[in-house]
Amino acid sequence: MTIAVTGATGQLGRLVIAALKQRVAIDDIVALARSPDKASKLGVSVRPFDYATPDGLADALSGIGTLLLISSSEVGQRSAQHRNVIAAAKQAGVGRIVYTSLLHADTSSLDLAVEHRDTEAALAASGIPVTLLRNGWYTENYTGAIPGALAVGALIGSAGQGRISSASRTDYAEAAAIAASVPDHVGKTYELAGDHGWTLADLAAEVTRQTGREIAYDDLPPNDYAHRLQDAGLPAEVAQAIAGYDVAASKGALFDDGRQLSRLIGRPTTSLADAVRASLA
C-alpha cells in the first residue's frame with residue numbers, strides 16, 4: 001500500500017515522513033510537495049503537488065492507497081484547496097484519506113474550525129473512507145515565545161487560566177504515521193491532545209525553574225496583547241488572530257483530557273517540561 005503525504009516539506013510533514021520510514025518500506029512512501037526540490041533530502045519518492053492548482057493533482061495521486069492530507073497552511077483558502085485535493089483523490093481512486101483536522105472541530109469556538117468543518121463535510125460527501133485526526137495545539141506554538149520572555153522577564157498572553165492540552169509536533173507526526181499505515185483506523189475520528197493541560201502561568205513557572213531566571217506571566221486584554229505582537233513585528237491580522245486563539249483558550253477551546261493521542265502512539269505525550277528543555281537547548 002502506497003502512502004502519500006501532502007505538505008511533505010512543512011514542519012509537520014517532514015516529521016511524518018521520518019515516522020513513516022520507521023514503519024513501512026521507503027518505496028511505499030510518496031512525498032507530495034509544491035516545491036519538489038525542497039523534498040529531495042527526505043529520502044523517498046517525490047511528486048509535485050500544489051493544493052491551489054487542481055490540474056495535475058489527480059495524476060500526482062495515481063496509484064496511491066492512502067493519502068495523508070495535512071491541512072494547508074493558508075488560512076482562509078483551506079476549504080477550496082482541500083476540496084481540490086479531495087476531488088483529485090476521488091478521481092485517482094485513492095483508497096483512504098487521513099486528514100489532520102482541529103481538536104473538537106465540530107464544536108470548537110476557534111475561527112480556524114470553520115474551514116476544518118467544511119473539509120470534514122467534503123470528505124464525508126466524497127464517499128472515500130476517512131480517518132480524522134483532530135489535532136490540538138503544538139507546544140512549539142508557545143515555546144517559541146521563550147527567548148522573548150527571557151529577554152524582557154515576562155511571558156505575555158491573553159489566555160487567563162485556560163488550560164492548554166498541547167503536544168509536540170513529533171507526537172502528532174507519530175500519530176499520523178500510525179493512522180496512515182494501519183488500516184484499523186479507517187472510519188475513526190480521534191481527538192488528539194497532550195496528556196496534561198497547562199496554563200501560560202505554568203509555562204512561565206517552568207521556564208523560571210529551568211533557567212533560574214524569574215519569568216512572570218502577564219495576562220493582557222486581547223487588544224493590548226495584539227498590539228504588543230504588532231510591536232514585535234507581526235502583521236496586524238496575524239496578531240489579532242493569535243490574541244483570539246488565546247481568548248478561545250481561556251474558555252477551554254484548547255483543553256482535552258481524553259488522552260486519545262497517547263493511546264494512539266502507545267506512550268505518554270511530550271511533557272511541558274521536556275518541551276521547554278528542548279527549546280532552551
# chains A, B, ... in the order shown; residues from 1 in each chain; ligands from 1
>>> select_by_dssp(residues="region 3-230 of chain A", states="alpha helix (DSSP H)", output="MDAnalysis selection string")
chainID A and resid 11:21 57:60 78:92 113:126 140:143 146:152 169:181 200:211 222:230
>>> residues_around(residues="Asp219 (chain A)", least_positions_apart="3", cutoff="10 Å", atoms="only C-alpha atoms", output="ChimeraX atom specification")
/A:154-161,200-201,216,222,224-225
>>> residues_around(residues="region 54-68 of chain A", least_positions_apart="2", cutoff="6 Å", atoms="only C-alpha atoms", output="ChimeraX atom specification")
/A:1-5,84,88,92,94-99
>>> closest_residue(among="A:Arg14, A:Asp218, A:Val85, A:Val75", to="Val238 (chain A)", atoms="only C-alpha atoms")
A:Val75
>>> closest_residue(among="A:Ser72, A:Gln260, A:Ser250, A:Ser40", to="Arg163 (chain A)", atoms="only C-alpha atoms")
A:Ser250
>>> residues_around(residues="Tyr51 (chain A)", least_positions_apart="4", cutoff="12 Å", atoms="only C-alpha atoms", output="ChimeraX atom specification")
/A:6-7,32-35,55-58,60,69-74,77-89
>>> write_last_selection(atoms="N, CA and C atoms", output="PDB file, in the first residue's frame")
ATOM      1  N   THR A   6       0.808  14.960   1.872  1.00  0.00           N
ATOM      2  CA  THR A   6       0.828  16.320   1.350  1.00  0.00           C
ATOM      3  C   THR A   6       1.615  17.224   2.299  1.00  0.00           C
ATOM      4  N   GLY A   7       2.046  18.370   1.773  1.00  0.00           N
ATOM      5  CA  GLY A   7       2.794  19.298   2.620  1.00  0.00           C
ATOM      6  C   GLY A   7       4.029  18.658   3.213  1.00  0.00           C
ATOM      7  N   LEU A  32       4.512  14.549  -1.300  1.00  0.00           N
ATOM      8  CA  LEU A  32       3.854  15.481  -2.209  1.00  0.00           C
ATOM      9  C   LEU A  32       4.222  16.897  -1.780  1.00  0.00           C
ATOM     10  N   ALA A  33       4.817  17.659  -2.679  1.00  0.00           N
ATOM     11  CA  ALA A  33       5.335  18.977  -2.296  1.00  0.00           C
ATOM     12  C   ALA A  33       5.157  19.980  -3.421  1.00  0.00           C
ATOM     13  N   ARG A  34       4.830  21.211  -3.041  1.00  0.00           N
ATOM     14  CA  ARG A  34       4.692  22.295  -4.031  1.00  0.00           C
ATOM     15  C   ARG A  34       6.035  22.563  -4.712  1.00  0.00           C
ATOM     16  N   SER A  35       7.113  22.447  -3.928  1.00  0.00           N
ATOM     17  CA  SER A  35       8.464  22.628  -4.474  1.00  0.00           C
ATOM     18  C   SER A  35       9.230  21.323  -4.296  1.00  0.00           C
ATOM     19  N   ASP A  55      -5.300  21.229 -11.672  1.00  0.00           N
ATOM     20  CA  ASP A  55      -4.741  20.467 -12.784  1.00  0.00           C
ATOM     21  C   ASP A  55      -3.486  19.725 -12.333  1.00  0.00           C
ATOM     22  N   GLY A  56      -3.473  18.443 -12.548  1.00  0.00           N
ATOM     23  CA  GLY A  56      -2.316  17.629 -12.222  1.00  0.00           C
ATOM     24  C   GLY A  56      -2.377  16.936 -10.880  1.00  0.00           C
ATOM     25  N   LEU A  57      -3.327  17.340 -10.026  1.00  0.00           N
ATOM     26  CA  LEU A  57      -3.394  16.715  -8.698  1.00  0.00           C
ATOM     27  C   LEU A  57      -3.766  15.237  -8.798  1.00  0.00           C
ATOM     28  N   ALA A  58      -4.732  14.924  -9.671  1.00  0.00           N
ATOM     29  CA  ALA A  58      -5.152  13.526  -9.807  1.00  0.00           C
ATOM     30  C   ALA A  58      -4.010  12.660 -10.323  1.00  0.00           C
ATOM     31  N   ALA A  60      -0.868  13.171  -9.813  1.00  0.00           N
ATOM     32  CA  ALA A  60       0.088  13.012  -8.720  1.00  0.00           C
ATOM     33  C   ALA A  60      -0.365  11.957  -7.724  1.00  0.00           C
ATOM     34  N   LEU A  69      -3.682  13.843   4.188  1.00  0.00           N
ATOM     35  CA  LEU A  69      -3.917  15.237   3.820  1.00  0.00           C
ATOM     36  C   LEU A  69      -3.611  16.109   5.029  1.00  0.00           C
ATOM     37  N   ILE A  70      -2.404  16.676   5.049  1.00  0.00           N
ATOM     38  CA  ILE A  70      -2.046  17.634   6.090  1.00  0.00           C
ATOM     39  C   ILE A  70      -2.665  18.962   5.709  1.00  0.00           C
ATOM     40  N   SER A  71      -3.418  19.545   6.609  1.00  0.00           N
ATOM     41  CA  SER A  71      -4.178  20.740   6.268  1.00  0.00           C
ATOM     42  C   SER A  71      -3.260  21.856   5.776  1.00  0.00           C
ATOM     43  N   SER A  72      -3.738  22.588   4.796  1.00  0.00           N
ATOM     44  CA  SER A  72      -2.997  23.691   4.207  1.00  0.00           C
ATOM     45  C   SER A  72      -2.659  24.733   5.267  1.00  0.00           C
ATOM     46  N   SER A  73      -1.566  25.431   5.073  1.00  0.00           N
ATOM     47  CA  SER A  73      -1.165  26.492   5.999  1.00  0.00           C
ATOM     48  C   SER A  73      -1.775  27.840   5.643  1.00  0.00           C
ATOM     49  N   GLU A  74      -2.505  27.888   4.522  1.00  0.00           N
ATOM     50  CA  GLU A  74      -3.054  29.159   4.038  1.00  0.00           C
ATOM     51  C   GLU A  74      -4.472  29.359   4.569  1.00  0.00           C
ATOM     52  N   GLN A  77      -7.980  30.049   2.753  1.00  0.00           N
ATOM     53  CA  GLN A  77      -8.014  29.380   1.449  1.00  0.00           C
ATOM     54  C   GLN A  77      -8.092  27.858   1.592  1.00  0.00           C
ATOM     55  N   ARG A  78      -8.105  27.404   2.834  1.00  0.00           N
ATOM     56  CA  ARG A  78      -8.049  25.969   3.077  1.00  0.00           C
ATOM     57  C   ARG A  78      -9.232  25.217   2.479  1.00  0.00           C
ATOM     58  N   SER A  79     -10.438  25.713   2.653  1.00  0.00           N
ATOM     59  CA  SER A  79     -11.617  24.980   2.189  1.00  0.00           C
ATOM     60  C   SER A  79     -11.515  24.659   0.709  1.00  0.00           C
ATOM     61  N   ALA A  80     -11.231  25.673  -0.094  1.00  0.00           N
ATOM     62  CA  ALA A  80     -11.132  25.466  -1.546  1.00  0.00           C
ATOM     63  C   ALA A  80      -9.971  24.547  -1.890  1.00  0.00           C
ATOM     64  N   GLN A  81      -8.835  24.758  -1.230  1.00  0.00           N
ATOM     65  CA  GLN A  81      -7.669  23.934  -1.533  1.00  0.00           C
ATOM     66  C   GLN A  81      -7.904  22.476  -1.155  1.00  0.00           C
ATOM     67  N   HIS A  82      -8.496  22.252  -0.004  1.00  0.00           N
ATOM     68  CA  HIS A  82      -8.764  20.880   0.421  1.00  0.00           C
ATOM     69  C   HIS A  82      -9.782  20.203  -0.497  1.00  0.00           C
ATOM     70  N   ARG A  83     -10.768  20.964  -0.932  1.00  0.00           N
ATOM     71  CA  ARG A  83     -11.756  20.387  -1.867  1.00  0.00           C
ATOM     72  C   ARG A  83     -11.096  20.001  -3.183  1.00  0.00           C
ATOM     73  N   ASN A  84     -10.114  20.768  -3.618  1.00  0.00           N
ATOM     74  CA  ASN A  84      -9.359  20.396  -4.820  1.00  0.00           C
ATOM     75  C   ASN A  84      -8.698  19.032  -4.629  1.00  0.00           C
ATOM     76  N   VAL A  85      -8.083  18.849  -3.470  1.00  0.00           N
ATOM     77  CA  VAL A  85      -7.375  17.603  -3.191  1.00  0.00           C
ATOM     78  C   VAL A  85      -8.345  16.427  -3.083  1.00  0.00           C
ATOM     79  N   ILE A  86      -9.460  16.646  -2.420  1.00  0.00           N
ATOM     80  CA  ILE A  86     -10.446  15.575  -2.246  1.00  0.00           C
ATOM     81  C   ILE A  86     -11.013  15.143  -3.592  1.00  0.00           C
ATOM     82  N   ALA A  87     -11.315  16.109  -4.441  1.00  0.00           N
ATOM     83  CA  ALA A  87     -11.835  15.787  -5.779  1.00  0.00           C
ATOM     84  C   ALA A  87     -10.806  14.993  -6.577  1.00  0.00           C
ATOM     85  N   ALA A  88      -9.549  15.399  -6.475  1.00  0.00           N
ATOM     86  CA  ALA A  88      -8.483  14.696  -7.201  1.00  0.00           C
ATOM     87  C   ALA A  88      -8.305  13.282  -6.660  1.00  0.00           C
ATOM     88  N   ALA A  89      -8.409  13.136  -5.347  1.00  0.00           N
ATOM     89  CA  ALA A  89      -8.270  11.808  -4.742  1.00  0.00           C
ATOM     90  C   ALA A  89      -9.373  10.875  -5.220  1.00  0.00           C
TER      91      ALA A  89
END
>>> residues_around(residues="region 100-102 of chain A", least_positions_apart="2", cutoff="9 Å", atoms="only C-alpha atoms", output="PyMOL selection string")
chain A and resi 68-71+98+104-106+108+112-113+116-117+119-120+131-137+176+191-192
>>> residues_around(residues="region 194-197 of chain A", least_positions_apart="5", cutoff="7 Å", atoms="only C-alpha atoms", output="list in words")
Arg163, Ile164, Ser165, Ser166, Ala167, Phe255, Asp257, Arg259, Leu261, Ser262, Pro268 and Thr269 of chain A
>>> residues_around(residues="region 205-208 of chain A", least_positions_apart="4", cutoff="8 Å", atoms="only C-alpha atoms", output="VMD selection string")
chain A and resid 146 201 212 to 216 272 to 273 276
>>> write_last_selection(atoms="N, CA and C atoms", output="compact mmCIF listing (two decimals), in the first residue's frame")
# COMPACT_ATOMS: atom_id res chain seq x y z
N ILE A 146 9.67 31.68 24.24
CA ILE A 146 10.56 31.67 25.40
C ILE A 146 11.73 32.67 25.25
N ALA A 201 0.67 30.55 32.79
CA ALA A 201 1.40 30.77 34.05
C ALA A 201 2.27 29.57 34.38
N GLY A 212 16.38 29.42 36.12
CA GLY A 212 16.77 30.14 37.32
C GLY A 212 16.51 31.63 37.23
N ARG A 213 15.85 32.05 36.17
CA ARG A 213 15.52 33.46 35.99
C ARG A 213 14.02 33.65 36.21
N GLU A 214 13.63 34.64 36.97
CA GLU A 214 12.22 34.85 37.31
C GLU A 214 11.47 35.36 36.09
N ILE A 215 10.56 34.51 35.60
CA ILE A 215 9.72 34.87 34.45
C ILE A 215 8.27 34.86 34.92
N ALA A 216 7.63 36.01 34.82
CA ALA A 216 6.23 36.13 35.21
C ALA A 216 5.34 35.92 34.00
N LEU A 272 5.38 19.21 29.18
CA LEU A 272 5.74 20.62 29.08
C LEU A 272 7.19 20.83 29.48
N ALA A 273 7.62 20.15 30.54
CA ALA A 273 9.00 20.29 31.00
C ALA A 273 9.99 19.86 29.92
N VAL A 276 10.02 22.49 27.08
CA VAL A 276 10.79 23.67 27.46
C VAL A 276 12.28 23.37 27.42
>>> closest_residue(among="A:Gln240, A:Gln230, A:Asn141, A:Thr170", to="Ile17 (chain A)", atoms="only C-alpha atoms")
A:Thr170
>>> select_by_dssp(residues="region 59-259 of chain A", states="strand (DSSP E or B)", output="VMD selection string")
chain A and resid 66 to 69 96 to 102 130 to 135 138 154 to 157 164 167 189 to 192 198 216 to 219
>>> write_last_selection(atoms="N, CA and C atoms", output="mmCIF file, in the first residue's frame")
data_model
loop_
_atom_site.group_PDB
_atom_site.id
_atom_site.type_symbol
_atom_site.label_atom_id
_atom_site.label_comp_id
_atom_site.auth_asym_id
_atom_site.auth_seq_id
_atom_site.Cartn_x
_atom_site.Cartn_y
_atom_site.Cartn_z
ATOM 1 N N THR A 66 -3.313 5.252 0.369
ATOM 2 C CA THR A 66 -3.730 6.117 1.479
ATOM 3 C C THR A 66 -3.100 7.489 1.305
ATOM 4 N N LEU A 67 -3.925 8.520 1.406
ATOM 5 C CA LEU A 67 -3.439 9.892 1.317
ATOM 6 C C LEU A 67 -3.531 10.545 2.689
ATOM 7 N N LEU A 68 -2.405 11.004 3.204
ATOM 8 C CA LEU A 68 -2.417 11.811 4.422
ATOM 9 C C LEU A 68 -2.518 13.266 3.983
ATOM 10 N N LEU A 69 -3.682 13.843 4.188
ATOM 11 C CA LEU A 69 -3.917 15.237 3.820
ATOM 12 C C LEU A 69 -3.611 16.109 5.029
ATOM 13 N N ARG A 96 -8.124 5.693 0.761
ATOM 14 C CA ARG A 96 -8.474 6.288 2.054
ATOM 15 C C ARG A 96 -7.764 7.618 2.212
ATOM 16 N N ILE A 97 -8.402 8.536 2.922
ATOM 17 C CA ILE A 97 -7.783 9.820 3.265
ATOM 18 C C ILE A 97 -7.701 9.943 4.779
ATOM 19 N N VAL A 98 -6.528 10.283 5.266
ATOM 20 C CA VAL A 98 -6.319 10.623 6.672
ATOM 21 C C VAL A 98 -6.124 12.134 6.709
ATOM 22 N N TYR A 99 -6.957 12.829 7.462
ATOM 23 C CA TYR A 99 -6.935 14.291 7.451
ATOM 24 C C TYR A 99 -6.577 14.865 8.811
ATOM 25 N N THR A 100 -5.658 15.819 8.838
ATOM 26 C CA THR A 100 -5.292 16.492 10.089
ATOM 27 C C THR A 100 -6.231 17.676 10.303
ATOM 28 N N SER A 101 -7.241 17.461 11.101
ATOM 29 C CA SER A 101 -8.252 18.465 11.396
ATOM 30 C C SER A 101 -7.869 19.207 12.683
ATOM 31 N N LEU A 102 -8.862 19.767 13.360
ATOM 32 C CA LEU A 102 -8.660 20.570 14.556
ATOM 33 C C LEU A 102 -9.384 19.944 15.740
ATOM 34 N N VAL A 130 -12.418 7.535 5.382
ATOM 35 C CA VAL A 130 -11.681 8.640 6.009
ATOM 36 C C VAL A 130 -11.272 8.287 7.438
ATOM 37 N N THR A 131 -10.128 8.819 7.858
ATOM 38 C CA THR A 131 -9.722 8.846 9.260
ATOM 39 C C THR A 131 -9.474 10.297 9.616
ATOM 40 N N LEU A 132 -10.131 10.792 10.659
ATOM 41 C CA LEU A 132 -9.962 12.183 11.073
ATOM 42 C C LEU A 132 -9.058 12.259 12.293
ATOM 43 N N LEU A 133 -7.993 13.026 12.168
ATOM 44 C CA LEU A 133 -7.086 13.290 13.276
ATOM 45 C C LEU A 133 -7.297 14.740 13.684
ATOM 46 N N ARG A 134 -8.087 14.945 14.714
ATOM 47 C CA ARG A 134 -8.372 16.308 15.168
ATOM 48 C C ARG A 134 -7.274 16.751 16.135
ATOM 49 N N ASN A 135 -6.278 17.409 15.576
ATOM 50 C CA ASN A 135 -5.093 17.778 16.338
ATOM 51 C C ASN A 135 -5.315 19.003 17.214
ATOM 52 N N TYR A 138 0.116 22.691 18.975
ATOM 53 C CA TYR A 138 1.509 22.286 19.125
ATOM 54 C C TYR A 138 2.118 23.032 20.315
ATOM 55 N N ALA A 154 9.239 38.420 31.139
ATOM 56 C CA ALA A 154 7.817 38.092 31.272
ATOM 57 C C ALA A 154 7.309 37.405 30.016
ATOM 58 N N LEU A 155 6.387 36.506 30.216
ATOM 59 C CA LEU A 155 5.660 35.861 29.132
ATOM 60 C C LEU A 155 4.304 36.540 29.049
ATOM 61 N N ILE A 156 3.896 36.963 27.854
ATOM 62 C CA ILE A 156 2.624 37.663 27.723
ATOM 63 C C ILE A 156 1.612 36.822 26.953
ATOM 64 N N GLY A 157 0.334 37.086 27.201
ATOM 65 C CA GLY A 157 -0.735 36.381 26.512
ATOM 66 C C GLY A 157 -2.075 36.883 26.989
ATOM 67 N N ILE A 164 -4.318 24.370 28.441
ATOM 68 C CA ILE A 164 -3.957 24.045 27.062
ATOM 69 C C ILE A 164 -3.391 22.630 27.032
ATOM 70 N N ALA A 167 0.622 19.172 22.602
ATOM 71 C CA ALA A 167 1.592 18.090 22.437
ATOM 72 C C ALA A 167 2.611 18.549 21.406
ATOM 73 N N THR A 189 -12.564 8.791 14.199
ATOM 74 C CA THR A 189 -12.237 10.181 14.497
ATOM 75 C C THR A 189 -11.524 10.228 15.837
ATOM 76 N N TYR A 190 -10.354 10.872 15.855
ATOM 77 C CA TYR A 190 -9.565 10.953 17.078
ATOM 78 C C TYR A 190 -9.419 12.418 17.514
ATOM 79 N N GLU A 191 -9.718 12.677 18.779
ATOM 80 C CA GLU A 191 -9.463 13.985 19.377
ATOM 81 C C GLU A 191 -8.083 13.905 20.023
ATOM 82 N N LEU A 192 -7.098 14.509 19.374
ATOM 83 C CA LEU A 192 -5.705 14.326 19.784
ATOM 84 C C LEU A 192 -5.191 15.538 20.555
ATOM 85 N N TRP A 198 -2.047 22.598 30.710
ATOM 86 C CA TRP A 198 -1.243 23.560 31.465
ATOM 87 C C TRP A 198 -1.688 24.970 31.095
ATOM 88 N N ALA A 216 7.632 36.011 34.824
ATOM 89 C CA ALA A 216 6.227 36.126 35.212
ATOM 90 C C ALA A 216 5.336 35.919 34.004
ATOM 91 N N TYR A 217 4.086 35.587 34.258
ATOM 92 C CA TYR A 217 3.105 35.574 33.173
ATOM 93 C C TYR A 217 2.254 36.830 33.295
ATOM 94 N N ASP A 218 2.247 37.628 32.239
ATOM 95 C CA ASP A 218 1.493 38.879 32.209
ATOM 96 C C ASP A 218 0.264 38.681 31.322
ATOM 97 N N ASP A 219 -0.892 38.528 31.962
ATOM 98 C CA ASP A 219 -2.134 38.303 31.220
ATOM 99 C C ASP A 219 -2.723 39.654 30.804
#
>>> atom_distance(atom1="CA of Arg267 (chain A)", atom2="CA of Asp184 (chain A)")
18.6 Å
>>> atom_distance(atom1="CA of Ile128 (chain A)", atom2="CA of Arg47 (chain A)")
21.8 Å
>>> atom_distance(atom1="CA of Ala239 (chain A)", atom2="CA of Ala226 (chain A)")
4.8 Å
